[in-house]
Amino acid sequence: MDHIILSRLQFALTAMFHILWPVLTIGLSLFLVVMEGLWLKTRNEMYYRHARFWTRLFILNFAVGVVSGIPMEFQFGTNWAAFSKAGGDIFGHLLGFEATMAFMLEAAFLGIMIWGWKRVSPRMHFFATAMVAFGSSLSAFWIMSANAWMQTPAGGIFQNGQYVTTSSLAAIFNPDMPWGVSHMWIACLEITTFVIGGISAWCLLTKRHVSFFLKSFKIVVIGAVFITPLQIYLGDGSGLEVAKNQPAKLAAMESHWHTNPPGTPAAWNILAWPDKAKQENRWAIRIPYVLSLLDTRSLTGQVKGLREFAAEDQPPIWLPFYAFRVMVGLGLLFFFLMIWTLWAWKKGRLKPDIVSRQKLLLLSWMAALPLSYLAMESGWVTREVGRQPWIIYGVLRTQEAASSLPAYPVASSLIVLGLIYTGLLGFFLLFAWFIIYKGPEQAAS
């Protein structure tokens with residue numbers, strides 16, 4: 001492999017590992033705000049115990065997230081220096097805003113949130129928790145705005161190998177930003193819903209602290225009622241934005257090779273065997289009319305095919321095509337899991353004395369925990385691989401953005417990072433198990 005492929009693999013490793021942690025940080029911090037707010041309002045000790053228990057998991061998750069993100073930042077200078085030079089006038093500023101506005105706000109109040117229970121008033125502690133949650137969400141806004149700018153660059157002109165800013169607002173609020181930010185932020189809430197729900201389901205199945213974890217389970221089920229359908233809606237809106245601004249990516253996501261003639265429908269490929277060399281699918285299972293309806297809101301709307309684009313401008317097909325289907329399929333499964341759980345609740349099957357008998361339901365929630373992360377990672381594969389061969393869409397190619405490095409040190413650092421991340425994951429799982437096994441505090445202190 002050459003240094004460009006190795007650099008791409010290294011960044012993919014660091015990005016896909018690092019993203020595991022901020023998503024839970026964002027969602028869990030908001031859950032803590034809700035729990036602490038309910039405690040302040042009702043003085044019900046159960047909510048206090050929830051705030052204390054889930055804060056422990058939040059701290060562990062936050063720590064691994066900070067450590068895992070450091071190598072990714074350095075790669076912009078080591079492996080992608082040409083990209084940093086070309087897009088630094090915008091991209092660098094957006095990441096700088098994230099560090100100074102969001103991460104520093106989060107870090108400033110984190111100490112009060114962790115150690116301030118007996119040192120500040122309850123209202124001051126609640127304010128600190130809210131600021132940590134706000135900082136986490138603000139961080140997501142800036143990072144997703146920067147990534148969205150790579151998808152739909154705006155607010156400047158590309159000259160002499162550098163993107164020069166003419167409008168910071170246009171760069172920040174680029175066409176992909178509203179859908180990218182909202183879709184990812186709701187993904188954070190959805191993953192948190194299934195992390196808390198999955199852990200609670202395991203404790204209910206094993207009859208550990210039933211009243212405590214039944215409370216958290218029911219709270220996230222209520223959250224899922226709003227989150228799962230909203231995420232489907234946002235995913236659909238994101239697809240429309242891709243069809244408008246990144247038609248080659250859309251065609252790759254659907255393995256759609258031939259532009260349908262005016263007045264004729266475009267079929268949707270459920271499954272297919274794309275063959276880029278022949279510029280067609282070897283076989284496909286198709287549903288007539290559906291692709292036109294999804295992407296144009298018309299039964300006979302025209303959808304551009306991959307053959308409209310030069311071969312060197314076409315994205316890879318296999319990864320975005322199947323990653324997209326994994327993401328969509330899991331999103332629909334989560335929605336139906338929410339419906340199933342509501343039905344069981346209505347039938348009175350989520351009562352403390354009988355909830356542990358709902359084995360299939362609880363096992364499904366446990367399975368949803370890792371599957372929610374798989375859905376998120378599949379979405380990122382679709383988003384990033386579908387943008388290729390561009391690192392800044394339509395402006396700068398990925399192969400032109402990489403630093404000129406020997407392959408050996410890139411390969412060595414890739415292996416070392418893989419070992420470090422494996423150790424970090426093992427560390428997290430071990431200590432998370434200790435936290436869950438120990439269970440909640442029994443009384444407020």
# chains A, B, ... in the order shown; residues from 1 in each chain; ligands from 1
$ residues_around --residues "A:Ala411" --least-positions-apart "6" --cutoff "10 Å" --atoms "only C-alpha atoms" --output "MDAnalysis selection string"
chainID A and resid 1:3 5:7 9:10 417
$ write_last_selection --atoms "N, CA, C and O atoms" --output "mmCIF file, in the first residue's frame"
data_model
loop_
_atom_site.group_PDB
_atom_site.id
_atom_site.type_symbol
_atom_site.label_atom_id
_atom_site.label_comp_id
_atom_site.auth_asym_id
_atom_site.auth_seq_id
_atom_site.Cartn_x
_atom_site.Cartn_y
_atom_site.Cartn_z
ATOM 1 N N MET A 1 0.834 -1.199 0.000
ATOM 2 C CA MET A 1 0.000 0.000 0.000
ATOM 3 C C MET A 1 0.870 1.250 0.000
ATOM 4 O O MET A 1 1.908 1.273 0.656
ATOM 5 N N ASP A 2 0.424 2.298 -0.704
ATOM 6 C CA ASP A 2 1.192 3.537 -0.698
ATOM 7 C C ASP A 2 0.811 4.378 0.517
ATOM 8 O O ASP A 2 -0.109 4.061 1.277
ATOM 9 N N HIS A 3 1.523 5.487 0.705
ATOM 10 C CA HIS A 3 1.333 6.286 1.907
ATOM 11 C C HIS A 3 -0.042 6.943 1.964
ATOM 12 O O HIS A 3 -0.553 7.210 3.051
ATOM 13 N N ILE A 5 -3.012 5.627 0.853
ATOM 14 C CA ILE A 5 -3.955 4.624 1.366
ATOM 15 C C ILE A 5 -3.735 4.403 2.857
ATOM 16 O O ILE A 5 -4.692 4.324 3.648
ATOM 17 N N LEU A 6 -2.478 4.320 3.272
ATOM 18 C CA LEU A 6 -2.175 4.105 4.689
ATOM 19 C C LEU A 6 -2.624 5.291 5.540
ATOM 20 O O LEU A 6 -3.153 5.111 6.647
ATOM 21 N N SER A 7 -2.438 6.500 5.038
ATOM 22 C CA SER A 7 -2.891 7.683 5.776
ATOM 23 C C SER A 7 -4.407 7.712 5.888
ATOM 24 O O SER A 7 -4.960 8.093 6.931
ATOM 25 N N LEU A 9 -6.344 5.035 5.893
ATOM 26 C CA LEU A 9 -6.697 3.990 6.856
ATOM 27 C C LEU A 9 -6.433 4.458 8.285
ATOM 28 O O LEU A 9 -7.224 4.184 9.200
ATOM 29 N N GLN A 10 -5.339 5.166 8.474
ATOM 30 C CA GLN A 10 -5.011 5.655 9.818
ATOM 31 C C GLN A 10 -6.043 6.665 10.303
ATOM 32 O O GLN A 10 -6.485 6.612 11.446
ATOM 33 N N LEU A 417 -1.196 2.810 16.783
ATOM 34 C CA LEU A 417 -2.496 3.374 17.163
ATOM 35 C C LEU A 417 -3.529 2.273 17.350
ATOM 36 O O LEU A 417 -4.364 2.338 18.262
#
$ residues_around --residues "A:Ser68" --least-positions-apart "6" --cutoff "12 Å" --atoms "only C-alpha atoms" --output "list in words"
Phe11, Leu13, Thr14, Ala15, Met16, Phe17, His18, Ile19, Leu20, Trp21, Pro22, Asn61, Phe62, Phe74, Leu417, Gly418, Ile420, Tyr421, Thr422, Gly423, Leu424, Leu425 and Phe428 of chain A
$ write_last_selection --atoms "C-alpha atoms" --output "short mmCIF file (atom, residue, chain, number, x, y, z; two decimals), in the first residue's frame"
data_model
loop_
_atom_site.label_atom_id
_atom_site.label_comp_id
_atom_site.auth_asym_id
_atom_site.auth_seq_id
_atom_site.Cartn_x
_atom_site.Cartn_y
_atom_site.Cartn_z
CA PHE A 11 -7.43 8.57 9.83
CA LEU A 13 -9.16 4.19 12.43
CA THR A 14 -8.74 7.23 14.65
CA ALA A 15 -11.98 8.87 13.52
CA MET A 16 -14.13 5.75 13.83
CA PHE A 17 -12.70 4.93 17.26
CA HIS A 18 -12.82 8.46 18.61
CA ILE A 19 -16.42 9.08 17.52
CA LEU A 20 -17.57 6.24 19.80
CA TRP A 21 -17.05 8.43 22.85
CA PRO A 22 -18.27 11.98 22.06
CA ASN A 61 -16.48 7.86 28.68
CA PHE A 62 -15.30 11.49 28.63
CA PHE A 74 -2.11 15.77 14.95
CA LEU A 417 -2.50 3.37 17.16
CA GLY A 418 -4.40 0.13 16.63
CA ILE A 420 -3.28 1.73 21.81
CA TYR A 421 -6.95 1.91 20.87
CA THR A 422 -7.41 -1.79 21.60
CA GLY A 423 -5.96 -1.16 25.06
CA LEU A 424 -8.19 1.88 25.59
CA LEU A 425 -11.26 -0.10 24.60
CA PHE A 428 -13.14 1.25 29.15
#
$ closest_atom_pairs --of "stretch 17-119 of chain A" --to "stretch 183-202 of chain A" --cutoff "12 Å" --atoms "only C-alpha atoms" --output "CSV"
residue,atom,partner,partner_atom,distance
A:Ile19,CA,A:Cys188,CA,10.1
A:Leu20,CA,A:Ile191,CA,9.7
A:Trp21,CA,A:Cys188,CA,9.8
A:Pro22,CA,A:Cys188,CA,8.1
A:Val23,CA,A:Cys188,CA,4.5
A:Leu24,CA,A:Thr192,CA,5.5
A:Thr25,CA,A:Cys188,CA,8.3
A:Ile26,CA,A:Cys188,CA,6.3
A:Gly27,CA,A:Leu189,CA,4.7
A:Leu28,CA,A:Thr192,CA,6.0
A:Ser29,CA,A:Thr192,CA,9.6
A:Leu30,CA,A:Leu189,CA,8.4
A:Phe31,CA,A:Thr192,CA,8.4
A:Leu32,CA,A:Thr192,CA,11.3
A:His50,CA,A:Ile196,CA,11.0
A:Phe53,CA,A:Ile196,CA,11.3
A:Trp54,CA,A:Ile196,CA,8.8
A:Leu57,CA,A:Ile196,CA,10.3
A:Phe58,CA,A:Thr192,CA,10.8
A:Asn61,CA,A:Thr192,CA,11.8
$ atom_distance --atom1 "atom CA of A:Met46" --atom2 "atom CA of A:Ile436"
16.6 Å
$ residues_around --residues "A:Ile232" --least-positions-apart "4" --cutoff "8 Å" --atoms "only C-alpha atoms" --output "count of residues only"
4
$ residues_around --residues "stretch 357-363 of chain A" --least-positions-apart "3" --cutoff "10 Å" --atoms "only C-alpha atoms" --output "PyMOL selection string"
chain A and resi 197-205+337+340-341+344+349-350+353-354+366-368
$ residues_around --residues "A:Phe97" --least-positions-apart "2" --cutoff "12 Å" --atoms "only C-alpha atoms" --output "PDB file with C-alpha atoms, in the first residue's frame"
ATOM      1  CA  ILE A  90     -11.902  27.904   7.150  1.00  0.00           C
ATOM      2  CA  PHE A  91     -11.476  24.401   8.538  1.00  0.00           C
ATOM      3  CA  GLY A  92      -8.827  25.445  11.050  1.00  0.00           C
ATOM      4  CA  HIS A  93     -10.944  28.307  12.336  1.00  0.00           C
ATOM      5  CA  LEU A  94     -13.985  26.067  12.825  1.00  0.00           C
ATOM      6  CA  LEU A  95     -11.975  23.530  14.815  1.00  0.00           C
ATOM      7  CA  ALA A  99     -11.735  24.072  21.167  1.00  0.00           C
ATOM      8  CA  THR A 100     -12.103  27.588  22.598  1.00  0.00           C
ATOM      9  CA  MET A 101     -15.882  27.960  22.752  1.00  0.00           C
ATOM     10  CA  ALA A 102     -17.099  24.422  23.372  1.00  0.00           C
ATOM     11  CA  PHE A 103     -14.418  22.181  24.836  1.00  0.00           C
ATOM     12  CA  MET A 104     -13.107  24.844  27.226  1.00  0.00           C
ATOM     13  CA  LEU A 105     -16.646  25.596  28.416  1.00  0.00           C
ATOM     14  CA  GLY A 135     -20.541  22.635  25.766  1.00  0.00           C
ATOM     15  CA  LEU A 138     -21.780  23.093  20.961  1.00  0.00           C
ATOM     16  CA  SER A 139     -18.703  20.995  20.239  1.00  0.00           C
ATOM     17  CA  ALA A 140     -20.799  18.778  17.975  1.00  0.00           C
ATOM     18  CA  PHE A 141     -22.080  21.863  16.147  1.00  0.00           C
ATOM     19  CA  TRP A 142     -18.607  23.178  15.294  1.00  0.00           C
ATOM     20  CA  ILE A 143     -17.154  19.807  14.324  1.00  0.00           C
ATOM     21  CA  SER A 145     -20.099  22.379  10.593  1.00  0.00           C
ATOM     22  CA  ALA A 146     -16.439  21.829   9.641  1.00  0.00           C
ATOM     23  CA  ILE A 172     -20.342  27.906   8.796  1.00  0.00           C
TER      24      ILE A 172
END
$ decode --residues "stretch 428-444 of chain A" --atoms "all heavy atoms" --output "short mmCIF file (atom, residue, chain, number, x, y, z; two decimals), in the first residue's frame"
data_model
loop_
_atom_site.label_atom_id
_atom_site.label_comp_id
_atom_site.auth_asym_id
_atom_site.auth_seq_id
_atom_site.Cartn_x
_atom_site.Cartn_y
_atom_site.Cartn_z
N PHE A 428 -11.79 0.72 28.98
CA PHE A 428 -13.14 1.25 29.15
C PHE A 428 -14.12 0.15 29.53
O PHE A 428 -14.92 0.30 30.46
CB PHE A 428 -13.60 1.94 27.86
CG PHE A 428 -15.04 2.37 27.91
CD1 PHE A 428 -15.39 3.58 28.50
CD2 PHE A 428 -16.05 1.57 27.38
CE1 PHE A 428 -16.72 3.98 28.56
CE2 PHE A 428 -17.37 1.96 27.45
CZ PHE A 428 -17.71 3.17 28.04
N LEU A 429 -14.09 -0.96 28.79
CA LEU A 429 -15.04 -2.04 29.06
C LEU A 429 -14.86 -2.60 30.47
O LEU A 429 -15.84 -2.92 31.15
CB LEU A 429 -14.88 -3.14 28.01
CG LEU A 429 -15.28 -2.76 26.58
CD1 LEU A 429 -14.97 -3.90 25.62
CD2 LEU A 429 -16.76 -2.39 26.51
N LEU A 430 -13.61 -2.72 30.91
CA LEU A 430 -13.35 -3.26 32.25
C LEU A 430 -13.92 -2.35 33.33
O LEU A 430 -14.65 -2.80 34.23
CB LEU A 430 -11.84 -3.44 32.44
CG LEU A 430 -11.40 -3.95 33.83
CD1 LEU A 430 -11.93 -5.35 34.08
CD2 LEU A 430 -9.87 -3.93 33.94
N PHE A 431 -13.62 -1.06 33.25
CA PHE A 431 -14.08 -0.14 34.29
C PHE A 431 -15.58 0.12 34.17
O PHE A 431 -16.25 0.35 35.19
CB PHE A 431 -13.28 1.15 34.23
CG PHE A 431 -11.94 1.05 34.87
CD1 PHE A 431 -10.84 0.60 34.17
CD2 PHE A 431 -11.77 1.37 36.21
CE1 PHE A 431 -9.60 0.49 34.77
CE2 PHE A 431 -10.54 1.27 36.83
CZ PHE A 431 -9.44 0.82 36.11
N ALA A 432 -16.12 0.10 32.94
CA ALA A 432 -17.57 0.23 32.79
C ALA A 432 -18.28 -0.95 33.44
O ALA A 432 -19.33 -0.78 34.09
CB ALA A 432 -17.94 0.33 31.31
N TRP A 433 -17.69 -2.13 33.30
CA TRP A 433 -18.27 -3.31 33.95
C TRP A 433 -18.26 -3.16 35.46
O TRP A 433 -19.26 -3.48 36.12
CB TRP A 433 -17.50 -4.56 33.53
CG TRP A 433 -17.86 -5.77 34.36
CD1 TRP A 433 -17.12 -6.39 35.30
CD2 TRP A 433 -19.10 -6.51 34.30
NE1 TRP A 433 -17.78 -7.44 35.84
CE2 TRP A 433 -19.01 -7.55 35.24
CE3 TRP A 433 -20.26 -6.38 33.54
CZ2 TRP A 433 -20.03 -8.47 35.45
CZ3 TRP A 433 -21.29 -7.30 33.75
CH2 TRP A 433 -21.16 -8.31 34.69
N PHE A 434 -17.19 -2.65 36.03
CA PHE A 434 -17.12 -2.42 37.47
C PHE A 434 -18.22 -1.45 37.92
O PHE A 434 -18.88 -1.67 38.94
CB PHE A 434 -15.76 -1.88 37.88
CG PHE A 434 -14.66 -2.90 37.82
CD1 PHE A 434 -13.34 -2.51 37.60
CD2 PHE A 434 -14.92 -4.24 37.99
CE1 PHE A 434 -12.31 -3.44 37.54
CE2 PHE A 434 -13.90 -5.20 37.93
CZ PHE A 434 -12.60 -4.79 37.71
N ILE A 435 -18.41 -0.37 37.15
CA ILE A 435 -19.43 0.62 37.50
C ILE A 435 -20.83 0.01 37.46
O ILE A 435 -21.63 0.19 38.39
CB ILE A 435 -19.35 1.82 36.53
CG1 ILE A 435 -18.05 2.60 36.77
CG2 ILE A 435 -20.56 2.74 36.69
CD1 ILE A 435 -17.78 3.67 35.72
N ILE A 436 -21.12 -0.74 36.40
CA ILE A 436 -22.45 -1.33 36.25
C ILE A 436 -22.67 -2.42 37.29
O ILE A 436 -23.76 -2.53 37.89
CB ILE A 436 -22.62 -1.88 34.82
CG1 ILE A 436 -22.55 -0.73 33.81
CG2 ILE A 436 -23.94 -2.63 34.68
CD1 ILE A 436 -22.37 -1.18 32.37
N TYR A 437 -21.65 -3.24 37.52
CA TYR A 437 -21.78 -4.34 38.48
C TYR A 437 -21.99 -3.83 39.90
O TYR A 437 -22.78 -4.39 40.66
CB TYR A 437 -20.54 -5.23 38.41
CG TYR A 437 -20.67 -6.50 39.24
CD1 TYR A 437 -21.37 -7.58 38.75
CD2 TYR A 437 -20.10 -6.59 40.51
CE1 TYR A 437 -21.50 -8.75 39.49
CE2 TYR A 437 -20.21 -7.73 41.26
CZ TYR A 437 -20.92 -8.82 40.75
OH TYR A 437 -21.05 -9.96 41.50
N LYS A 438 -21.29 -2.76 40.24
CA LYS A 438 -21.44 -2.18 41.58
C LYS A 438 -22.84 -1.62 41.77
O LYS A 438 -23.41 -1.70 42.86
CB LYS A 438 -20.40 -1.09 41.81
CG LYS A 438 -20.46 -0.46 43.19
CD LYS A 438 -19.42 0.63 43.36
CE LYS A 438 -19.50 1.28 44.73
NZ LYS A 438 -18.50 2.36 44.89
N GLY A 439 -23.39 -1.04 40.73
CA GLY A 439 -24.75 -0.53 40.79
C GLY A 439 -24.83 0.85 41.41
O GLY A 439 -23.83 1.49 41.71
N PRO A 440 -26.04 1.33 41.60
CA PRO A 440 -26.25 2.70 42.09
C PRO A 440 -26.00 2.82 43.59
O PRO A 440 -26.00 1.83 44.33
CB PRO A 440 -27.73 2.96 41.77
CG PRO A 440 -28.35 1.60 41.86
CD PRO A 440 -27.33 0.64 41.32
N GLU A 441 -25.79 4.07 44.01
CA GLU A 441 -25.72 4.34 45.44
C GLU A 441 -27.09 4.09 46.06
O GLU A 441 -28.12 4.36 45.46
CB GLU A 441 -25.29 5.80 45.67
CG GLU A 441 -23.91 6.11 45.13
CD GLU A 441 -23.54 7.58 45.31
OE1 GLU A 441 -24.36 8.30 45.88
OE2 GLU A 441 -22.46 7.96 44.85
N GLN A 442 -27.08 3.65 47.29
CA GLN A 442 -28.33 3.28 47.93
C GLN A 442 -29.01 4.46 48.62
O GLN A 442 -30.19 4.42 48.92
CB GLN A 442 -28.08 2.16 48.95
CG GLN A 442 -27.63 0.87 48.30
CD GLN A 442 -28.62 0.37 47.26
OE1 GLN A 442 -29.82 0.27 47.51
NE2 GLN A 442 -28.13 0.08 46.06
N ALA A 443 -28.27 5.50 48.90
CA ALA A 443 -28.86 6.65 49.59
C ALA A 443 -28.14 7.92 49.19
O ALA A 443 -26.96 7.89 48.85
CB ALA A 443 -28.81 6.47 51.11
N ALA A 444 -28.83 9.02 49.25
CA ALA A 444 -28.21 10.30 48.95
C ALA A 444 -27.22 10.65 50.03
O ALA A 444 -27.42 10.37 51.21
CB ALA A 444 -29.29 11.39 48.84
#
